[in-house]
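To be precise, the following lines are query.cif, and they hold mmCIF, C-alpha atoms and all ligand atoms.
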```cif
data_upload
loop_
_atom_site.label_atom_id
_atom_site.label_comp_id
_atom_site.auth_asym_id
_atom_site.auth_seq_id
_atom_site.Cartn_x
_atom_site.Cartn_y
_atom_site.Cartn_z
CA MET V 1 85.68 97.91 -30.69
CA PRO V 2 83.23 98.21 -33.63
CA VAL V 3 81.60 94.95 -34.65
CA PRO V 4 81.19 94.54 -38.41
CA THR V 5 77.74 94.67 -39.82
CA ASN V 6 76.79 94.74 -43.48
CA THR V 7 79.23 97.00 -45.23
CA ASN V 8 77.83 97.20 -48.76
CA ALA V 9 74.79 99.39 -49.26
CA ASN V 10 71.69 97.63 -50.62
CA ALA V 11 71.11 99.98 -53.51
CA SER V 12 68.58 97.68 -55.16
CA ASN V 13 66.37 97.24 -52.10
CA GLN V 14 66.06 93.56 -52.99
CA PRO V 15 65.78 91.14 -50.06
CA PRO V 16 69.18 89.70 -49.22
CA LEU V 17 70.15 86.07 -49.60
CA THR V 18 71.17 85.16 -46.05
CA LEU V 19 73.50 82.28 -45.22
CA THR V 20 74.14 81.64 -41.53
CA VAL V 21 77.07 79.78 -39.97
CA ILE V 22 76.56 78.69 -36.35
CA GLY V 23 79.90 77.80 -34.76
CA ALA V 24 81.68 80.28 -37.03
CA ALA V 25 84.73 80.84 -34.78
CA GLY V 26 85.69 77.15 -34.81
CA GLY V 27 87.93 75.12 -37.08
CA ILE V 28 85.31 74.33 -39.71
CA GLY V 29 83.41 77.56 -39.12
CA GLN V 30 86.35 79.85 -39.91
CA SER V 31 87.34 78.07 -43.12
CA LEU V 32 83.74 77.76 -44.28
CA SER V 33 83.08 81.44 -43.54
CA LEU V 34 86.12 82.35 -45.64
CA LEU V 35 84.82 80.25 -48.53
CA LEU V 36 81.36 81.83 -48.23
CA LYS V 37 82.82 85.33 -48.05
CA THR V 38 84.99 84.80 -51.14
CA SER V 39 82.43 82.95 -53.25
CA ASN V 40 80.65 84.42 -56.26
CA TYR V 41 76.87 84.15 -56.04
CA PRO V 42 74.66 84.09 -59.14
CA THR V 43 72.45 86.96 -58.00
CA THR V 44 72.18 90.73 -57.92
CA ARG V 45 70.55 90.47 -54.51
CA PRO V 46 72.75 91.42 -51.58
CA VAL V 47 74.34 88.36 -49.98
CA ASN V 48 74.70 88.28 -46.20
CA VAL V 49 76.83 85.76 -44.37
CA ASN V 50 75.64 85.79 -40.76
CA LEU V 51 78.16 84.44 -38.27
CA PHE V 52 77.37 83.25 -34.75
CA ASP V 53 79.44 81.59 -32.05
CA VAL V 54 79.31 81.49 -28.25
CA ASN V 55 83.00 82.42 -28.34
CA THR V 56 82.32 86.12 -28.83
CA THR V 57 85.97 87.17 -29.00
CA GLY V 58 86.64 84.58 -31.66
CA LEU V 59 83.48 85.60 -33.48
CA ASN V 60 84.36 89.30 -33.53
CA GLY V 61 87.88 88.52 -34.70
CA VAL V 62 86.75 86.32 -37.57
CA ALA V 63 84.00 88.72 -38.66
CA THR V 64 86.27 91.79 -38.52
CA ASP V 65 89.02 90.00 -40.42
CA LEU V 66 86.65 88.76 -43.16
CA SER V 67 84.88 92.12 -43.42
CA HIS V 68 88.01 93.73 -44.93
CA MET V 69 87.74 91.58 -48.06
CA ASN V 70 86.27 93.34 -51.12
CA THR V 71 83.99 90.52 -52.20
CA GLN V 72 80.30 90.18 -53.04
CA ALA V 73 79.08 88.87 -49.69
CA ASN V 74 78.74 90.96 -46.53
CA VAL V 75 79.65 89.37 -43.22
CA LYS V 76 77.82 90.14 -40.04
CA ALA V 77 78.74 89.09 -36.50
CA CYS V 78 75.49 88.18 -34.78
CA HIS V 79 75.40 88.38 -31.02
CA SER V 80 72.38 86.18 -30.51
CA LEU V 81 71.03 83.06 -32.13
CA GLN V 82 67.83 84.99 -32.73
CA ASP V 83 69.68 87.55 -34.81
CA ALA V 84 71.60 84.82 -36.65
CA VAL V 85 68.61 82.73 -37.67
CA THR V 86 65.68 85.14 -38.12
CA ASP V 87 66.22 86.01 -41.79
CA ALA V 88 68.33 83.02 -42.79
CA ASP V 89 67.61 81.20 -46.05
CA LEU V 90 70.16 78.53 -45.22
CA ILE V 91 71.71 77.67 -41.85
CA VAL V 92 74.85 75.57 -41.43
CA ILE V 93 75.40 74.12 -37.96
CA VAL V 94 79.03 73.45 -37.08
CA ALA V 95 78.67 74.31 -33.40
CA GLY V 96 79.83 71.75 -30.90
CA VAL V 97 82.80 69.76 -29.75
CA PRO V 98 85.07 67.73 -32.05
CA ARG V 99 86.72 64.38 -31.22
CA LYS V 100 90.07 63.75 -29.61
CA PRO V 101 92.09 60.56 -30.29
CA GLY V 102 90.46 57.53 -28.68
CA MET V 103 86.94 58.97 -28.85
CA THR V 104 84.11 57.88 -31.12
CA ARG V 105 81.67 60.36 -32.63
CA ASP V 106 79.05 58.86 -30.32
CA ASP V 107 81.10 60.04 -27.31
CA LEU V 108 80.22 63.60 -28.39
CA PHE V 109 76.48 62.99 -28.14
CA ASN V 110 75.79 64.20 -24.60
CA ILE V 111 77.48 67.56 -24.98
CA ASN V 112 76.54 68.26 -28.61
CA ALA V 113 72.89 67.18 -28.29
CA GLY V 114 72.23 69.98 -25.81
CA ILE V 115 73.84 72.50 -28.16
CA ILE V 116 71.78 71.30 -31.13
CA LYS V 117 68.55 71.30 -29.15
CA ASN V 118 69.13 74.92 -28.13
CA ILE V 119 69.92 75.96 -31.71
CA ALA V 120 66.82 74.12 -32.95
CA THR V 121 64.66 75.83 -30.34
CA ASN V 122 65.86 79.22 -31.56
CA ILE V 123 65.26 78.26 -35.20
CA ARG V 124 61.75 77.11 -34.32
CA GLN V 125 61.03 80.31 -32.44
CA TYR V 126 62.60 82.93 -34.70
CA SER V 127 63.17 81.70 -38.28
CA ARG V 128 60.87 83.55 -40.69
CA ASN V 129 61.50 80.99 -43.43
CA LEU V 130 61.23 77.79 -41.39
CA ASP V 131 57.77 76.79 -42.61
CA THR V 132 58.36 77.45 -46.28
CA SER V 133 61.92 77.39 -47.49
CA LEU V 134 64.68 77.33 -44.84
CA PHE V 135 67.42 74.73 -45.46
CA THR V 136 69.27 73.59 -42.33
CA LEU V 137 72.51 71.68 -42.82
CA LEU V 138 73.77 69.69 -39.84
CA ILE V 139 77.49 69.00 -39.64
CA SER V 140 78.05 68.61 -35.88
CA ASN V 141 78.68 65.05 -34.71
CA PRO V 142 77.33 62.51 -34.22
CA VAL V 143 75.24 63.40 -37.29
CA ASN V 144 73.40 60.03 -37.15
CA SER V 145 71.88 60.91 -33.75
CA LEU V 146 71.85 64.70 -33.84
CA LEU V 147 69.64 65.07 -36.92
CA PRO V 148 66.80 63.37 -34.99
CA VAL V 149 67.47 65.77 -32.08
CA LEU V 150 67.14 68.71 -34.47
CA ASN V 151 64.03 67.27 -36.12
CA ASN V 152 62.40 66.55 -32.76
CA VAL V 153 62.26 70.28 -32.12
CA LEU V 154 61.39 71.43 -35.65
CA PRO V 155 57.95 70.87 -37.22
CA SER V 156 57.72 67.73 -39.36
CA HIS V 157 56.87 69.70 -42.51
CA ALA V 158 60.36 71.27 -42.29
CA HIS V 159 62.23 67.95 -41.99
CA SER V 160 62.72 67.41 -45.71
CA ARG V 161 64.87 70.57 -45.65
CA CYS V 162 66.95 69.42 -42.63
CA LEU V 163 69.92 67.60 -44.09
CA GLY V 164 72.74 65.74 -42.36
CA ILE V 165 75.97 66.38 -44.21
CA THR V 166 77.83 63.25 -45.33
CA ASN V 167 79.53 64.86 -48.32
CA LEU V 168 83.01 64.45 -46.83
CA ASP V 169 82.55 60.67 -47.10
CA LEU V 170 81.78 60.98 -50.83
CA ILE V 171 84.76 63.26 -51.34
CA ARG V 172 87.05 60.84 -49.47
CA ALA V 173 85.77 57.86 -51.47
CA SER V 174 86.48 59.69 -54.71
CA GLU V 175 89.93 60.89 -53.63
CA PHE V 176 91.12 57.65 -52.01
CA LEU V 177 90.17 55.71 -55.15
CA SER V 178 91.98 58.20 -57.34
CA GLU V 179 95.06 57.94 -55.10
CA LEU V 180 95.00 54.13 -55.23
CA LEU V 181 94.63 54.09 -59.02
CA ASP V 182 97.33 56.75 -59.31
CA THR V 183 95.21 58.90 -61.59
CA GLN V 184 94.05 62.52 -61.75
CA GLU V 185 90.53 61.38 -62.58
CA LYS V 186 88.01 61.86 -59.76
CA GLN V 187 85.10 59.44 -60.01
CA ASN V 188 81.78 59.89 -58.22
CA ILE V 189 81.41 57.04 -55.76
CA PRO V 190 78.03 56.82 -54.03
CA VAL V 191 78.22 56.55 -50.23
CA ILE V 192 75.04 55.63 -48.38
CA GLY V 193 73.91 54.84 -44.82
CA GLY V 194 75.18 57.33 -42.26
CA HIS V 195 78.24 59.17 -41.00
CA SER V 196 80.30 57.04 -38.62
CA GLY V 197 82.34 53.84 -38.96
CA ASN V 198 80.24 50.88 -40.10
CA THR V 199 77.27 53.08 -40.95
CA ILE V 200 79.27 54.59 -43.81
CA VAL V 201 78.70 52.36 -46.86
CA PRO V 202 80.95 53.36 -49.76
CA CYS V 203 79.70 51.73 -52.95
CA PHE V 204 82.90 51.17 -54.92
CA SER V 205 81.12 48.65 -57.15
CA TYR V 206 79.79 51.76 -58.93
CA SER V 207 83.34 52.58 -60.08
CA LYS V 208 84.16 51.78 -63.70
CA ASP V 209 87.50 50.45 -62.41
CA TYR V 210 86.02 48.10 -59.81
CA ALA V 211 87.04 44.96 -61.71
CA LYS V 212 90.68 46.09 -61.69
CA LEU V 213 90.79 46.16 -57.90
CA SER V 214 91.80 43.19 -55.74
CA LYS V 215 89.67 42.13 -52.76
CA ASP V 216 92.36 43.53 -50.41
CA GLN V 217 92.36 46.85 -52.22
CA ILE V 218 88.57 47.09 -52.01
CA ASP V 219 88.56 46.17 -48.32
CA SER V 220 91.21 48.74 -47.53
CA LEU V 221 89.41 51.46 -49.53
CA ILE V 222 86.16 50.76 -47.67
CA HIS V 223 87.94 50.82 -44.32
CA ARG V 224 89.74 54.04 -45.19
CA VAL V 225 86.49 55.83 -46.05
CA GLN V 226 84.72 54.45 -42.96
CA TYR V 227 87.59 55.56 -40.71
CA GLY V 228 88.87 58.58 -42.68
CA GLY V 229 87.80 60.82 -39.82
CA ASP V 230 90.03 58.89 -37.41
CA GLU V 231 92.98 59.33 -39.79
CA VAL V 232 92.67 63.12 -39.39
CA VAL V 233 91.94 62.98 -35.65
CA GLN V 234 95.12 60.93 -35.14
CA ALA V 235 97.22 63.19 -37.38
CA LYS V 236 96.02 66.26 -35.44
CA ASN V 237 96.85 64.42 -32.22
CA GLY V 238 94.47 66.17 -29.85
CA GLN V 239 94.07 69.39 -31.86
CA GLY V 240 90.67 68.49 -33.32
CA SER V 241 89.26 66.64 -36.30
CA ALA V 242 88.82 67.38 -40.01
CA THR V 243 88.20 71.09 -40.51
CA LEU V 244 89.65 72.14 -43.88
CA SER V 245 88.33 69.16 -45.85
CA MET V 246 84.99 69.48 -44.04
CA ALA V 247 84.73 73.17 -44.87
CA PHE V 248 85.40 72.26 -48.52
CA ALA V 249 82.75 69.51 -48.38
CA ALA V 250 80.17 71.84 -46.81
CA PHE V 251 80.95 74.60 -49.27
CA LYS V 252 80.31 72.22 -52.19
CA VAL V 253 76.89 71.44 -50.73
CA ILE V 254 76.07 75.12 -50.24
CA GLN V 255 77.19 75.90 -53.80
CA LEU V 256 74.80 73.20 -54.97
CA LEU V 257 71.87 74.53 -52.94
CA VAL V 258 72.24 78.30 -53.47
CA PRO V 259 70.78 78.37 -57.03
CA LEU V 260 67.82 76.41 -55.64
CA VAL V 261 67.35 78.81 -52.74
CA LEU V 262 67.50 81.66 -55.28
CA LYS V 263 64.88 79.77 -57.35
CA LYS V 264 67.14 79.86 -60.38
CA ILE V 265 66.78 76.11 -60.93
CA ASP V 266 63.98 73.67 -60.20
CA TYR V 267 65.86 70.93 -58.39
CA VAL V 268 69.30 69.61 -57.45
CA GLU V 269 70.69 66.13 -56.91
CA GLY V 270 72.88 65.34 -53.93
CA ALA V 271 73.41 62.76 -51.20
CA PHE V 272 72.21 63.55 -47.68
CA TYR V 273 71.35 61.89 -44.38
CA LEU V 274 67.69 62.59 -43.76
CA GLU V 275 64.45 61.42 -42.25
CA LEU V 276 62.58 58.88 -44.37
CA GLN V 277 59.12 60.37 -44.55
CA ASN V 278 56.24 58.67 -46.31
CA ASP V 279 55.54 61.78 -48.35
CA ILE V 280 59.06 61.77 -49.82
CA LEU V 281 58.88 59.63 -52.97
CA GLY V 282 61.09 56.58 -52.72
CA SER V 283 61.08 56.43 -48.88
CA VAL V 284 58.67 53.51 -48.68
CA LYS V 285 60.32 51.70 -51.57
CA LEU V 286 63.75 52.14 -49.95
CA ARG V 287 62.48 50.70 -46.66
CA ASN V 288 60.87 47.79 -48.51
CA LEU V 289 64.03 47.05 -50.50
CA LEU V 290 66.04 47.05 -47.28
CA ASN V 291 63.29 45.06 -45.55
CA GLU V 292 63.42 47.63 -42.75
CA PRO V 293 59.97 49.16 -42.20
CA GLU V 294 61.18 50.81 -38.97
CA LEU V 295 64.22 52.54 -40.47
CA ASN V 296 63.67 56.27 -39.92
CA TYR V 297 66.95 57.85 -41.08
CA PHE V 298 69.28 56.99 -43.96
CA ALA V 299 71.75 58.73 -46.27
CA ALA V 300 71.11 58.25 -49.98
CA PRO V 301 71.11 60.18 -53.24
CA CYS V 302 68.13 62.55 -53.35
CA LYS V 303 66.40 65.07 -55.53
CA ILE V 304 65.59 68.33 -53.79
CA ASN V 305 63.49 71.28 -54.90
CA TYR V 306 63.05 74.54 -53.04
CA THR V 307 60.39 73.08 -50.80
CA GLY V 308 62.68 70.21 -49.79
CA THR V 309 63.65 66.64 -50.62
CA TYR V 310 60.98 65.14 -52.82
CA LEU V 311 62.65 61.97 -54.04
CA ILE V 312 65.05 59.46 -52.51
CA ASP V 313 66.80 57.43 -55.18
CA TYR V 314 66.17 53.89 -53.93
CA SER V 315 67.58 52.44 -57.15
CA ILE V 316 71.04 52.82 -55.61
CA ILE V 317 70.21 49.70 -53.57
CA ASN V 318 69.41 47.63 -56.68
CA GLY V 319 72.82 48.40 -58.14
CA LEU V 320 74.86 47.21 -55.15
CA ASN V 321 76.92 44.05 -55.39
CA GLN V 322 76.35 41.09 -53.08
CA PHE V 323 79.05 42.10 -50.58
CA GLU V 324 77.73 45.65 -50.26
CA LYS V 325 74.15 44.43 -49.97
CA ASP V 326 74.61 41.41 -47.69
CA VAL V 327 77.57 42.40 -45.52
CA LEU V 328 78.05 46.17 -45.41
CA LEU V 329 74.41 47.30 -45.42
CA PRO V 330 73.05 45.06 -42.64
CA LYS V 331 75.89 46.14 -40.31
CA ALA V 332 75.20 49.77 -41.15
CA ILE V 333 71.46 49.51 -40.63
CA ASP V 334 71.77 47.84 -37.24
CA GLU V 335 73.83 50.75 -35.94
CA LEU V 336 71.83 53.40 -37.76
CA LYS V 337 68.59 52.39 -36.07
CA GLY V 338 70.20 52.60 -32.61
CA ASN V 339 71.87 55.93 -33.43
CA ALA V 340 68.59 57.46 -34.61
CA GLN V 341 66.63 56.13 -31.62
CA LYS V 342 69.17 57.70 -29.27
CA GLY V 343 68.50 61.10 -30.83
CA GLU V 344 64.74 60.58 -31.06
CA ARG V 345 64.59 59.76 -27.32
CA TYR V 346 66.69 62.77 -26.27
N1 LIG W 401 79.70 65.87 -40.67
C1 LIG W 401 81.00 65.73 -40.86
O1 LIG W 401 81.41 65.12 -41.85
C2 LIG W 401 81.98 66.33 -39.92
C3 LIG W 401 81.56 66.83 -38.70
N2 LIG W 401 82.45 67.41 -37.83
C4 LIG W 401 81.92 67.91 -36.56
O2 LIG W 401 81.74 69.32 -36.63
C5 LIG W 401 81.75 69.87 -35.31
C6 LIG W 401 82.63 71.12 -35.27
O3 LIG W 401 83.97 70.77 -35.51
P1 LIG W 401 85.16 71.87 -35.41
O4 LIG W 401 84.81 73.07 -36.17
O5 LIG W 401 86.41 71.16 -35.73
O6 LIG W 401 85.10 72.20 -33.84
P2 LIG W 401 85.67 73.52 -33.10
O7 LIG W 401 85.75 73.20 -31.66
O8 LIG W 401 86.90 73.99 -33.77
O9 LIG W 401 84.52 74.59 -33.37
C7 LIG W 401 83.25 74.47 -32.81
C8 LIG W 401 82.75 75.87 -32.54
O10 LIG W 401 81.43 75.76 -32.02
C9 LIG W 401 81.28 76.79 -31.05
N3 LIG W 401 80.15 76.48 -30.17
C10 LIG W 401 80.09 75.61 -29.13
N4 LIG W 401 78.87 75.65 -28.59
C11 LIG W 401 78.14 76.54 -29.29
C12 LIG W 401 76.79 76.99 -29.23
N5 LIG W 401 75.96 76.56 -28.28
N6 LIG W 401 76.38 77.90 -30.14
C13 LIG W 401 77.24 78.37 -31.07
N7 LIG W 401 78.52 77.98 -31.18
C14 LIG W 401 78.96 77.07 -30.30
C15 LIG W 401 82.63 76.83 -30.32
O11 LIG W 401 82.80 78.05 -29.62
C16 LIG W 401 83.57 76.65 -31.49
O12 LIG W 401 83.98 77.89 -32.02
C17 LIG W 401 82.22 68.74 -34.40
O13 LIG W 401 81.13 68.18 -33.71
C18 LIG W 401 82.82 67.73 -35.37
O14 LIG W 401 82.79 66.42 -34.87
C19 LIG W 401 83.76 67.53 -38.15
C20 LIG W 401 84.22 67.07 -39.38
C21 LIG W 401 83.39 66.39 -40.32
O1 LIG W 402 85.94 62.05 -37.48
C1 LIG W 402 85.47 63.05 -36.94
O2 LIG W 402 85.28 63.16 -35.73
C2 LIG W 402 85.07 64.20 -37.82
C3 LIG W 402 84.31 63.66 -38.95
O3 LIG W 402 83.12 63.41 -38.85
C4 LIG W 402 85.04 63.27 -40.15
O4 LIG W 402 86.19 63.67 -40.36
O5 LIG W 402 84.45 62.53 -40.96
#
```

Would you give me this structure, written as structure tokens?
Amino acid sequence: MPVPTNTNANASNQPPLTLTVIGAAGGIGQSLSLLLKTSNYPTTRPVNVNLFDVNTTGLNGVATDLSHMNTQANVKACHSLQDAVTDADLIVIVAGVPRKPGMTRDDLFNINAGIIKNIATNIRQYSRNLDTSLFTLLISNPVNSLLPVLNNVLPSHAHSRCLGITNLDLIRASEFLSELLDTQEKQNIPVIGGHSGNTIVPCFSYSKDYAKLSKDQIDSLIHRVQYGGDEVVQAKNGQGSATLSMAFAAFKVIQLLVPLVLKKIDYVEGAFYLELQNDILGSVKLRNLLNEPELNYFAAPCKINYTGTYLIDYSIINGLNQFEKDVLLPKAIDELKGNAQKGERY
């Protein structure tokens, strides 16, 4: 059975843009790979979508299926992590186990931490771009603890390009508000903190319609965003967690980052879970504002250039209302510190 490799000739001899999906045969991986295969990329360089999964039958099936589509990107089934990561400009990690009803994301830690550590070890050993420009997007759960596991293996100068993906929380906040208001308008609602239950802090006070909402409506919106993942897990009733909406959320992030990776723009703005490093502007100020000098990981709006996150927008904290600042944030931070320590100690 032939395994698809790049099908389009590289007439220009330009170096390809390489996007790698690890966990490509899974629920998120398949949908995300489809989106990446069918996307238009603003470049004349060849675009390679490298797929890897330990489920080799699933991997070959997905890669063969996608390879018949006459689109810009070439798909390649990689049969080792080394092959998948060596030339990557951007790696998306969706490998691991999803939740079943009754489980928390934290229940996935033991099994998924080993998977992430192995992937990180391969990135450290083989990625050509790790030291300069590689972006690594972590989707596997629990994100709050697994990003520290990833970072523990990778050199610290690469951490500002290792981003935990919380975009589904922002998308849910926007959509649930729109549904409640019965409008087509989709507002941007900042969501900060982390990616599980109480650590998810949706900031609905930033909505222009906040004053129209009752306290009960606000409480139920916050709860729905914090436990939106459970809503899908329960609906799927043992058949996994959010896959289609997550693939959409990840694709949006990749669409944002690709022009940066191609060096077509100087910086992008997005919200990510990441390590607070002293050399990222705004990190110290954010810790001071939160009165949390020991807080090592947090999700917040950031500015990112092609060498990584260079600014964390701490001003988000100043704009919060009293309830968000005094009730939601302290609960989130308590859990976030424990979640990060768990990963750091692994
Ligand atoms: N950050 C977020 O907002 C979200 C995160 N997730 C998380 O994403 C992860 C993946 O979810 P699904 O795609 O639904 O799971 P899935 O079970 O459908 O797919 C996971 C894939 O990973 C592969 N895999 C397992 N170990 C591997 C390894 N060592 N190397 C390469 N591939 C490996 C499996 O063979 C499988 O194909 C889960 O941990 C889930 O909790 C899910 C939704 C949202
Ligand atoms: O809830 C889960 O397990 C998957 C997830 O992270 C989400 O849907 O936000």

Find the residues near Asp107 (chain V): any atom within 10 Å, counting all atoms listed in the file, skip ones fewer than 4 places away on the same chain, and give them as a list in words.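 Counting only the stated atoms, we get Pro98, Arg99, Lys100, Gly102, Met103, Ile111, Asn112, Asn141 and Pro142 of chain V.
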
Export of prior selection with C-alpha atoms as a tab-separated table (two decimals), keeping the file's coordinate frame:
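The resulting file, part.tsv, is shown below:
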```
chain	number	residue	atom	x	y	z
V	98	PRO	CA	85.07	67.73	-32.05
V	99	ARG	CA	86.72	64.38	-31.22
V	100	LYS	CA	90.07	63.75	-29.61
V	102	GLY	CA	90.46	57.53	-28.68
V	103	MET	CA	86.94	58.97	-28.85
V	111	ILE	CA	77.48	67.56	-24.98
V	112	ASN	CA	76.54	68.26	-28.61
V	141	ASN	CA	78.68	65.05	-34.71
V	142	PRO	CA	77.33	62.51	-34.22
```

Which residue gives the smallest distance to Leu244 (chain V) among V:Gly27, V:Pro15, V:Gly343, V:Pro42, with all atoms listed in the file counted? V:Gly27

What is the distance, in Å and to one decimal place, between atom O4 of ligand LIG 402 (chain W) and CA of Ser39 (chain V)? 23.5 Å

I want to know what sits within 7 Å of region 62-73 of chain V, based on only C-alpha atoms, with residues of the same chain fewer than 4 positions away left out; could you give that as a PDB file with C-alpha atoms, in the frame of the given file?
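Heads up, here's the output in out-v1.pdb:
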```pdb
ATOM      1  CA  VAL V   3      81.600  94.950 -34.650  1.00  0.00           C
ATOM      2  CA  PRO V   4      81.190  94.540 -38.410  1.00  0.00           C
ATOM      3  CA  ALA V  25      84.730  80.840 -34.780  1.00  0.00           C
ATOM      4  CA  GLN V  30      86.350  79.850 -39.910  1.00  0.00           C
ATOM      5  CA  LEU V  34      86.120  82.350 -45.640  1.00  0.00           C
ATOM      6  CA  LYS V  37      82.820  85.330 -48.050  1.00  0.00           C
ATOM      7  CA  THR V  38      84.990  84.800 -51.140  1.00  0.00           C
ATOM      8  CA  ASN V  40      80.650  84.420 -56.260  1.00  0.00           C
ATOM      9  CA  VAL V  47      74.340  88.360 -49.980  1.00  0.00           C
ATOM     10  CA  ASN V  48      74.700  88.280 -46.200  1.00  0.00           C
ATOM     11  CA  VAL V  49      76.830  85.760 -44.370  1.00  0.00           C
ATOM     12  CA  GLY V  58      86.640  84.580 -31.660  1.00  0.00           C
ATOM     13  CA  ALA V  77      78.740  89.090 -36.500  1.00  0.00           C
TER      14      ALA V  77
END
```

Neighbours of ligand LIG 402 (chain W) at 10 Å or closer, counting all atoms listed in the file: which residues, as a ChimeraX atom specification? /V:97-101,103-108,139-143,165-169,172,195-197,200,225-234,240-246

Any idea what's packed within 6 Å of region 184-192 of chain V, counting all atoms listed in the file, ignoring anything in its chain fewer than 6 positions away? Could you give it as an MDAnalysis selection string? chainID V and resid 170 174 178 201:203 299:300

Within 10 Å of Asn55 (chain V), counting all atoms listed in the file, which residues qualify if same-chain residues fewer than 4 places away don't, as a ChimeraX atom specification? /V:23-26,59-60

Can you list every residue of region 17-82 of chain V that has an atom at most 9 Å from region 259-278 of chain V, with its nearest atom pair and the distance in Å to one decimal, using all atoms listed in the file, ordered by chain then number, as a tab-separated table?
```
residue	atom	partner	partner_atom	distance
V:Leu17	CA	V:Leu262	CA	7.7
V:Tyr41	CA	V:Pro259	CA	8.5
V:Pro42	CA	V:Pro259	CA	7.2
V:Thr43	CA	V:Leu262	CA	7.7
```

In file coordinates, which residues lie within 12 Å of (62.5, 65.3, -39.4) using all atoms listed in the file, given as a PyMOL selection string? chain V and resi 120+136+145-164+273-280+296-298+308-309+340+343-344

Pick out the closest residue to Leu130 (chain V) from this set: V:Pro301, V:Ala88, V:Gly114, V:Tyr210. Count only C-alpha atoms. V:Ala88

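In this structure, CA of Glu335 (chain V) sits 23.5 Å away from CA of Ile93 (chain V).
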
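Across the model, the gap from CA of Ile28 (chain V) to CA of Lys236 (chain V) is 14.1 Å.
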
Around all the atoms of region 128-141 of chain V listed in the file, with 4 Å of room on each side, what axis-aligned box do you get, giving centre and edge lengths in Å to one decimal, as JSON?
```
{"center_x": 68.2, "center_y": 74.3, "center_z": -41.1, "size_x": 28.9, "size_y": 26.5, "size_z": 20.8}
```

Nearest to ligand LIG 401 (chain W): which of V:Leu181, V:Val21, V:Ile312, V:Ile317 is it, counting all atoms listed in the file?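 Once distances to ligand LIG 401 (chain W) are computed over all atoms listed in the file, the minimum belongs to V:Val21.
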
Fewer than 5 positions away in the same chain doesn't count, so skip those; otherwise give me all residues within 10 Å of Asn122 (chain V), counting all atoms listed in the file, as a list in words.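 After dropping sequence-adjacent residues, the list is Ser80, Leu81, Gln82, Asp83, Ala84, Val85, Thr86, Ile116, Lys117, Ser127, Val153 and Leu154 of chain V.
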
Take the residues from that selection and put them in a file with C-alpha atoms, as an mmCIF file, in the coordinates of the input.
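Saved to result28.cif:
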```cif
data_model
loop_
_atom_site.group_PDB
_atom_site.id
_atom_site.type_symbol
_atom_site.label_atom_id
_atom_site.label_comp_id
_atom_site.auth_asym_id
_atom_site.auth_seq_id
_atom_site.Cartn_x
_atom_site.Cartn_y
_atom_site.Cartn_z
ATOM 1 C CA SER V 80 72.380 86.180 -30.510
ATOM 2 C CA LEU V 81 71.030 83.060 -32.130
ATOM 3 C CA GLN V 82 67.830 84.990 -32.730
ATOM 4 C CA ASP V 83 69.680 87.550 -34.810
ATOM 5 C CA ALA V 84 71.600 84.820 -36.650
ATOM 6 C CA VAL V 85 68.610 82.730 -37.670
ATOM 7 C CA THR V 86 65.680 85.140 -38.120
ATOM 8 C CA ILE V 116 71.780 71.300 -31.130
ATOM 9 C CA LYS V 117 68.550 71.300 -29.150
ATOM 10 C CA SER V 127 63.170 81.700 -38.280
ATOM 11 C CA VAL V 153 62.260 70.280 -32.120
ATOM 12 C CA LEU V 154 61.390 71.430 -35.650
#
```

Nearest to ligand LIG 401 (chain W): which of V:Thr18, V:Leu35, V:Ala250, V:Leu328 is it, counting all atoms listed in the file?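 Between V:Thr18, V:Leu35, V:Ala250, V:Leu328, the residue approaching ligand LIG 401 (chain W) most closely is V:Ala250.
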
Identify which of the residues V:Asn144, V:Ser214, V:Thr57, V:Thr44 lies closest to Ala113 (chain V), counting all atoms listed in the file when measuring atom-to-atom distances. V:Asn144

Proximity to Asn339 (chain V) - best of V:Thr121, V:Asn50, V:Gln14, V:Thr199, only C-alpha atoms: V:Thr199

Since fewer atoms than expected are present, regenerate N, CA and C atoms for region 67-73 of chain V and write them as a PDB file, in the frame of the given file.
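This went into out32.pdb:
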```pdb
ATOM      1  N   SER V  67      85.602  90.951 -42.909  1.00  0.00           N
ATOM      2  CA  SER V  67      84.880  92.120 -43.420  1.00  0.00           C
ATOM      3  C   SER V  67      85.782  93.063 -44.225  1.00  0.00           C
ATOM      4  N   HIS V  68      87.098  92.880 -44.148  1.00  0.00           N
ATOM      5  CA  HIS V  68      88.010  93.730 -44.930  1.00  0.00           C
ATOM      6  C   HIS V  68      88.153  93.260 -46.375  1.00  0.00           C
ATOM      7  N   MET V  69      87.559  92.136 -46.704  1.00  0.00           N
ATOM      8  CA  MET V  69      87.740  91.580 -48.060  1.00  0.00           C
ATOM      9  C   MET V  69      86.703  92.162 -49.007  1.00  0.00           C
ATOM     10  N   ASN V  70      87.170  92.642 -50.179  1.00  0.00           N
ATOM     11  CA  ASN V  70      86.270  93.340 -51.120  1.00  0.00           C
ATOM     12  C   ASN V  70      85.558  92.354 -52.044  1.00  0.00           C
ATOM     13  N   THR V  71      84.698  91.554 -51.436  1.00  0.00           N
ATOM     14  CA  THR V  71      83.990  90.520 -52.200  1.00  0.00           C
ATOM     15  C   THR V  71      82.482  90.779 -52.133  1.00  0.00           C
ATOM     16  N   GLN V  72      81.745  89.968 -52.883  1.00  0.00           N
ATOM     17  CA  GLN V  72      80.300  90.180 -53.040  1.00  0.00           C
ATOM     18  C   GLN V  72      79.528  90.095 -51.725  1.00  0.00           C
ATOM     19  N   ALA V  73      79.880  89.108 -50.900  1.00  0.00           N
ATOM     20  CA  ALA V  73      79.080  88.870 -49.690  1.00  0.00           C
ATOM     21  C   ALA V  73      79.490  89.808 -48.556  1.00  0.00           C
TER      22      ALA V  73
END
```
